[in-house]
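J.: Could you have a look at this structure, given as structure tokens, before my questions?
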Amino acid sequence: MGRIAVIGAGTGAMAAAARLAVAGHRVVVYERASTYGGALGRFERDGFTFDTGPGLLRVPAVLRDLFVKTGKEPLEACVDLVQVDPSARHVFADGTEVALPNASRAGVVTALDQALGAGAGERWGDFLVRAREAWDRTRRPLLEEPLWPNWQVLADQEPYPAVPHRRMLRTRRAGTLAEVGSWELREPRLAALLESHALAYGLDPRAAPASAAVLPYMEHAFGTWYVRGGMRELARAMYERCLARGVGFRFGTPVGRIVEKDGRAVGVELAEDPSAGHGSATATVEDADFVVAGVAPEVLDRLVGGTTLHGDDEVAPRRGAPSRLTVLLALRGGRPAGVAHRTVVHTADREEELERLFGERPGFPAAPTVTLSRPDDPGPAPDAEHEAVTVTVTVPSGLEVSEDDVERVLDAARRAVPDLRERLLWHEVRTPADIAEATGAEGGAVPAPALAAASGRLLHPSNRTRVPGLFTVGGWAHPGGGLPHAGMSGALVSGLIVEGPDFRGSQ
């Protein structure tokens, strides 16, 4: 079989590498960092450990399929995967709180009725039914199949069956997620609950299409899962599966360029140290029959040196997506019993937050929406007398974070942990600049999952490129960001290489 060079060791890249190795290919992964995992990073200090990327897993079937297809041991034999319940606790601007049961429509309806008033749960439940229709219509083309050549069909058609709304003597249907919240949910706190799912992926609910309703639906339908010991354990399990299948890894080995011959990708040129540029004395070339690039668009641009990978009639790479600010908190005192794993503290000023995140003059919101992760797991803390808490905030890419910004995050987090200041031992901050350094994405941008409608703005480029033999994988390629989508990109790239252009998608 063929020789395959994989650039990057993120979720999508390792998923592709394991599948391709099982198919008989000789696979080598080249990673400029000193370890595997991509976004699934870890920070350790004084006995505390923190996930620095995604803290929870949704649609675990994608990774279950990967482990079934690449070995005898299933996913659950390699990591301790547990369902989080409640899936989230929400603290709204008026002080109202609600804990939503995991993957239980009846439980969610009851919880919302009790917290927000009679009828709130039914409206949310009816919304989820419509969201399921959007999911059913887009699941195959936006998650399980290579991007259609006639992708414009996905760009132009809104799959969400919006309810007709009478407004100003006209009947209209919601075209954005914000309109779904305003016109169909008709309750400010329900609208905030809905919009928080878009915000978590760096999407402006005022511009995100109604099809973004699939984001809360995925959480509802497939549950929210955590890996004991931290999500870094998932990366470890994928890495070990790759090793078991014979995949080679070269860490600390940046790729300087993708080598082409007669218009086809035929290998990669390596630089022995990050400062060695193309043509340096230390550069070496590794031949390959196929090259799989799991890197950000800006990095890929440098690797191909001006080669056109996607034409004017194809989906262009997304650029300028928002980033994340992560604050890691080491607290004295153990985790209180009954605390939710995930708590979302909603902003008191929605308009100000959205304008600061997505407006013409981006900046840090005065009162940001923050998400706290407090896993029911002894692993992240040094002992039972301490607690590790991770706080994440969506911020504009390229934002220079100040101490005042961090203080605003801590003030918002106190609404979920009132004694936070008294318990705080120390904190560490990971900024968009840190993400940019780790991934190469301009401004530390973080990719969102692909969504239908919106004229194709939220689609991602095909895994195939115009250069024969060169494929793209991971969150910046179809079907986009998030662990399940990145993992699915690995399955799609493997299928395209193993089965060829007639591959029609995962079964």
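To be explicit about the labels: the chains of the structure tokens are called A, B, and onward in the order shown, and within each one the residues are counted from 1, while ligands get numbers from 1 in the order they are shown.
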Mind running range 209-241 of chain A against range 195-202 of chain A at 12 Å and telling me each contacting residue's nearest atom pair with the distance in Å (one decimal), counting only C-alpha atoms, chain and number ascending, as a Markdown table?
T.:
| residue | atom | partner | partner_atom | distance |
| --- | --- | --- | --- | --- |
| A:Pro209 | CA | A:Ala198 | CA | 10.1 |
| A:Ala210 | CA | A:Ala198 | CA | 10.6 |
| A:Ser211 | CA | A:Ala198 | CA | 10.8 |
| A:Ala212 | CA | A:Ala198 | CA | 7.1 |
| A:Ala213 | CA | A:Ala198 | CA | 8.7 |
| A:Val214 | CA | A:His197 | CA | 9.6 |
| A:Leu215 | CA | A:His197 | CA | 6.3 |
| A:Pro216 | CA | A:His197 | CA | 6.1 |
| A:Tyr217 | CA | A:His197 | CA | 9.8 |
| A:Met218 | CA | A:His197 | CA | 10.4 |
| A:Glu219 | CA | A:His197 | CA | 9.4 |
| A:His220 | CA | A:His197 | CA | 11.5 |
J.: List every residue of range 147-393 of chain A that DSSP, applied to the backbone of this structure, places in strand (DSSP E), and write the result as a PyMOL selection string.
T.: chain A and resi 165-167+170-172+225-227+248-251+255-261+264-270+284-287+290-293+323-332+342-345+370-373+386-393
J.: For range 485-489 of chain A, find every residue with an atom within 8 Å (counting only C-alpha atoms), except residues of its own chain fewer than 2 positions away, and show them as a PDB file with N, CA and C atoms, in the first residue's frame.
T.:
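Dumped to out.pdb:
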ATOM      1  N   THR A  11      -6.930  15.703  16.794  1.00  0.00           N
ATOM      2  CA  THR A  11      -7.957  14.661  16.789  1.00  0.00           C
ATOM      3  C   THR A  11      -8.233  14.138  15.390  1.00  0.00           C
ATOM      4  N   GLY A  12      -8.486  15.046  14.437  1.00  0.00           N
ATOM      5  CA  GLY A  12      -8.790  14.609  13.080  1.00  0.00           C
ATOM      6  C   GLY A  12      -7.628  13.896  12.432  1.00  0.00           C
ATOM      7  N   ALA A  15      -7.220  10.435  13.947  1.00  0.00           N
ATOM      8  CA  ALA A  15      -8.311   9.573  13.492  1.00  0.00           C
ATOM      9  C   ALA A  15      -8.042   9.073  12.080  1.00  0.00           C
ATOM     10  N   ALA A  16      -7.564   9.965  11.206  1.00  0.00           N
ATOM     11  CA  ALA A  16      -7.228   9.550   9.844  1.00  0.00           C
ATOM     12  C   ALA A  16      -6.048   8.589   9.848  1.00  0.00           C
ATOM     13  N   VAL A  62     -19.042   8.903  17.151  1.00  0.00           N
ATOM     14  CA  VAL A  62     -17.977   9.099  16.164  1.00  0.00           C
ATOM     15  C   VAL A  62     -16.694   8.425  16.626  1.00  0.00           C
ATOM     16  N   LEU A  63     -16.318   8.630  17.888  1.00  0.00           N
ATOM     17  CA  LEU A  63     -15.083   8.037  18.390  1.00  0.00           C
ATOM     18  C   LEU A  63     -15.273   6.559  18.728  1.00  0.00           C
ATOM     19  N   LEU A 143     -22.009  15.874   8.147  1.00  0.00           N
ATOM     20  CA  LEU A 143     -21.203  15.164   9.124  1.00  0.00           C
ATOM     21  C   LEU A 143     -20.642  13.856   8.589  1.00  0.00           C
ATOM     22  N   GLU A 144     -21.407  13.142   7.789  1.00  0.00           N
ATOM     23  CA  GLU A 144     -21.040  11.772   7.444  1.00  0.00           C
ATOM     24  C   GLU A 144     -20.627  11.574   5.998  1.00  0.00           C
ATOM     25  N   PRO A 449     -18.391  24.069  14.025  1.00  0.00           N
ATOM     26  CA  PRO A 449     -18.913  23.021  13.136  1.00  0.00           C
ATOM     27  C   PRO A 449     -19.559  23.630  11.893  1.00  0.00           C
ATOM     28  N   ASN A 463     -12.486  18.113   2.002  1.00  0.00           N
ATOM     29  CA  ASN A 463     -11.262  17.392   2.401  1.00  0.00           C
ATOM     30  C   ASN A 463     -10.363  17.117   1.206  1.00  0.00           C
ATOM     31  N   VAL A 473      -7.690  17.735   6.841  1.00  0.00           N
ATOM     32  CA  VAL A 473      -8.392  17.042   7.910  1.00  0.00           C
ATOM     33  C   VAL A 473      -8.423  17.958   9.132  1.00  0.00           C
ATOM     34  N   GLY A 474      -9.327  17.677  10.079  1.00  0.00           N
ATOM     35  CA  GLY A 474      -9.380  18.463  11.304  1.00  0.00           C
ATOM     36  C   GLY A 474     -10.436  19.547  11.255  1.00  0.00           C
ATOM     37  N   GLY A 475     -10.421  20.406  12.283  1.00  0.00           N
ATOM     38  CA  GLY A 475     -11.490  21.371  12.462  1.00  0.00           C
ATOM     39  C   GLY A 475     -11.611  22.431  11.404  1.00  0.00           C
ATOM     40  N   ALA A 477     -11.282  21.867   8.183  1.00  0.00           N
ATOM     41  CA  ALA A 477     -11.767  21.226   6.956  1.00  0.00           C
ATOM     42  C   ALA A 477     -13.174  20.682   7.216  1.00  0.00           C
ATOM     43  N   HIS A 478     -13.859  20.306   6.177  1.00  0.00           N
ATOM     44  CA  HIS A 478     -15.174  19.694   6.315  1.00  0.00           C
ATOM     45  C   HIS A 478     -15.084  18.465   7.225  1.00  0.00           C
ATOM     46  N   PRO A 479     -15.978  18.282   8.198  1.00  0.00           N
ATOM     47  CA  PRO A 479     -17.190  19.054   8.502  1.00  0.00           C
ATOM     48  C   PRO A 479     -17.023  20.077   9.608  1.00  0.00           C
ATOM     49  N   GLY A 480     -15.790  20.523   9.915  1.00  0.00           N
ATOM     50  CA  GLY A 480     -15.611  21.641  10.818  1.00  0.00           C
ATOM     51  C   GLY A 480     -15.135  21.277  12.200  1.00  0.00           C
ATOM     52  N   GLY A 481     -15.269  22.260  13.112  1.00  0.00           N
ATOM     53  CA  GLY A 481     -14.706  22.161  14.444  1.00  0.00           C
ATOM     54  C   GLY A 481     -15.567  21.415  15.434  1.00  0.00           C
ATOM     55  N   GLY A 482     -14.971  21.136  16.601  1.00  0.00           N
ATOM     56  CA  GLY A 482     -15.606  20.306  17.614  1.00  0.00           C
ATOM     57  C   GLY A 482     -15.090  18.882  17.504  1.00  0.00           C
ATOM     58  N   LEU A 483     -14.983  18.191  18.637  1.00  0.00           N
ATOM     59  CA  LEU A 483     -14.385  16.857  18.627  1.00  0.00           C
ATOM     60  C   LEU A 483     -15.082  15.875  17.688  1.00  0.00           C
ATOM     61  N   ALA A 491     -12.405  10.092   9.335  1.00  0.00           N
ATOM     62  CA  ALA A 491     -13.075   8.995   8.638  1.00  0.00           C
ATOM     63  C   ALA A 491     -13.284   9.329   7.164  1.00  0.00           C
ATOM     64  N   LEU A 492     -13.625  10.592   6.877  1.00  0.00           N
ATOM     65  CA  LEU A 492     -13.873  10.984   5.489  1.00  0.00           C
ATOM     66  C   LEU A 492     -12.587  10.963   4.669  1.00  0.00           C
ATOM     67  N   VAL A 493     -11.501  11.478   5.226  1.00  0.00           N
ATOM     68  CA  VAL A 493     -10.236  11.470   4.497  1.00  0.00           C
ATOM     69  C   VAL A 493      -9.767  10.044   4.250  1.00  0.00           C
TER      70      VAL A 493
END
J.: Between A:Pro161, A:Gly95, A:Pro317, A:Pro205, single out the one closest to Arg457 in chain A, counting only C-alpha atoms.
T.: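 Closest residue, counting only C-alpha atoms: A:Pro317.
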J.: Using only C-alpha atoms, which residue out of A:Val327, A:Leu81, A:Ala174, A:Val68 lies closest to Asp377 in chain A?
T.: A:Leu81
J.: So what do you get for CA of Val153 in chain A versus CA of Ala208 in chain A, distance-wise?
T.: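 Separation between CA of Val153 in chain A and CA of Ala208 in chain A: 17.5 Å.
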J.: Got a sec: who's within 12 Å of Glu351 in chain A, counting only C-alpha atoms, leaving out chain neighbours fewer than 2 positions off, as a VMD selection string?
T.: chain A and resid 178 192 204 to 206 347 to 349 353 to 359 365 to 369
J.: Which of these residues is nearest to Arg42 in chain A, using only C-alpha atoms: A:Leu300, A:Leu147, A:Val180, A:Leu328?
T.: A:Leu328
